[in-house]
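Novice: A single structure is presented below for examination.
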Amino acid sequence: MRTVDFSPLYRSVVGFDRLADLLDAAATETATGYPPYNIERTGDNAYRIEIAVAGFKPDELTIEVKEAVLTVTGQKAANDAERRFVHRGLAERNFQRRFQLAEYVVVTEAKLADGLLSIDLKRELPEALKPRRIEIGVGSTSLIEDKKAA
């Protein structure tokens, strides 16, 4: 695997160090295919992450958001003592999946159904960042007219 050195980027940008950290983390993260997942856009500011967690119960799954990182962890309880498999094809191993969230993205709901863990996300902009219309007032058109009136 090739690695990319982002140190020149750190020296030439000011205030974008978080972006450089994200790029560095993405370049060094080891990607595993388990469990498989989908990311779906469900609206203008809404998303859904679906993770295939067949065989996991709700109490064996943990969803946590910390510092704009969504972490989904699956800890399978050991219950194989009484089971004897002839073939074991379902991967029921422990996992941890991380998703970097954009600013103002919050988790609104999580559901487990039919072996899929669905996590709904929504981008909620604060009122100060939403576009707003500025009314134009009607007044005098020039400073000369204002001075004459005075």
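Within each chain, counting starts at residue 1; across the structure tokens, chains are named A, B, ... in the order shown, with ligands numbered 1 upward in that order.
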Using only C-alpha atoms, which protein or nucleic acid residues come within 12 Å of Asp44 (chain A)? Drop anything in the same chain fewer than 5 positions from it, and give the result as number ranges by chain.
Specialist: A: 121-124
Novice: Can you write out the residues you just picked, keeping C-alpha atoms, as an mmCIF file, in the first residue's frame?
Specialist:
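This went into out-v9.cif:
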```
data_model
loop_
_atom_site.group_PDB
_atom_site.id
_atom_site.type_symbol
_atom_site.label_atom_id
_atom_site.label_comp_id
_atom_site.auth_asym_id
_atom_site.auth_seq_id
_atom_site.Cartn_x
_atom_site.Cartn_y
_atom_site.Cartn_z
ATOM 1 C CA LEU A 121 -28.644 11.171 10.061
ATOM 2 C CA LYS A 122 -29.721 14.746 9.481
ATOM 3 C CA ARG A 123 -27.778 17.905 8.810
ATOM 4 C CA GLU A 124 -29.185 20.608 11.073
#
```
Novice: Skip region 57-70 of chain A itself and residues of its chain fewer than 3 positions away, then list as a VMD selection string all residues within 10 Å of it, counting only C-alpha atoms.
Specialist: chain A and resid 53 to 54 73 to 77 94 to 107 110 to 113 115 117 119
Novice: Filtering to C-alpha atoms, could you give me those residues as a PDB file, in the first residue's frame?
Specialist:
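Saved the output as out-v6.pdb:
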```pdb
ATOM      1  CA  VAL A  53     -25.332  -7.165  11.215  1.00  0.00           C
ATOM      2  CA  ALA A  54     -27.025 -10.548  10.754  1.00  0.00           C
ATOM      3  CA  THR A  73     -19.395  -1.547  17.580  1.00  0.00           C
ATOM      4  CA  GLY A  74     -20.603  -5.136  17.628  1.00  0.00           C
ATOM      5  CA  GLN A  75     -19.550  -7.444  20.474  1.00  0.00           C
ATOM      6  CA  LYS A  76     -20.862 -10.952  19.905  1.00  0.00           C
ATOM      7  CA  ALA A  77     -21.646 -12.866  23.077  1.00  0.00           C
ATOM      8  CA  ASN A  94     -16.743  -8.591  16.642  1.00  0.00           C
ATOM      9  CA  PHE A  95     -16.375  -5.384  14.641  1.00  0.00           C
ATOM     10  CA  GLN A  96     -15.979  -1.651  14.853  1.00  0.00           C
ATOM     11  CA  ARG A  97     -16.989   0.706  12.011  1.00  0.00           C
ATOM     12  CA  ARG A  98     -16.237   4.426  12.073  1.00  0.00           C
ATOM     13  CA  PHE A  99     -17.812   7.160   9.987  1.00  0.00           C
ATOM     14  CA  GLN A 100     -16.549  10.752   9.942  1.00  0.00           C
ATOM     15  CA  LEU A 101     -19.528  13.102  10.164  1.00  0.00           C
ATOM     16  CA  ALA A 102     -19.646  16.544   8.592  1.00  0.00           C
ATOM     17  CA  GLU A 103     -20.343  19.573  10.715  1.00  0.00           C
ATOM     18  CA  TYR A 104     -23.892  19.856  12.047  1.00  0.00           C
ATOM     19  CA  VAL A 105     -24.779  16.247  11.166  1.00  0.00           C
ATOM     20  CA  VAL A 106     -26.632  14.514  14.017  1.00  0.00           C
ATOM     21  CA  VAL A 107     -27.962  11.008  14.507  1.00  0.00           C
ATOM     22  CA  ALA A 110     -31.326   3.896  14.853  1.00  0.00           C
ATOM     23  CA  LYS A 111     -33.312   0.726  14.095  1.00  0.00           C
ATOM     24  CA  LEU A 112     -32.464  -2.963  13.812  1.00  0.00           C
ATOM     25  CA  ALA A 113     -34.693  -4.961  11.468  1.00  0.00           C
ATOM     26  CA  GLY A 115     -30.431  -8.121  10.018  1.00  0.00           C
ATOM     27  CA  LEU A 117     -28.901  -1.740  11.422  1.00  0.00           C
ATOM     28  CA  ILE A 119     -28.887   4.794  11.342  1.00  0.00           C
TER      29      ILE A 119
END
```
Novice: Could you give me the residues within region 52-132 of chain A that DSSP places in strand (DSSP E), as an MDAnalysis selection string?
Specialist: chainID A and resid 52 61:66 69:74 95:100 105:113 116:123
Novice: Between CA of Arg48 (chain A) and CA of Arg93 (chain A), what is the spacing in Å?
Specialist: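 Distance between the two atoms: 23.5 Å.
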Novice: From the list A:Glu40, A:Val138, A:Arg132, A:Phe56, which residue is nearest Leu90 (chain A) when using only C-alpha atoms?
Specialist: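 Using only C-alpha atoms, Leu90 (chain A) sits closest to A:Phe56.
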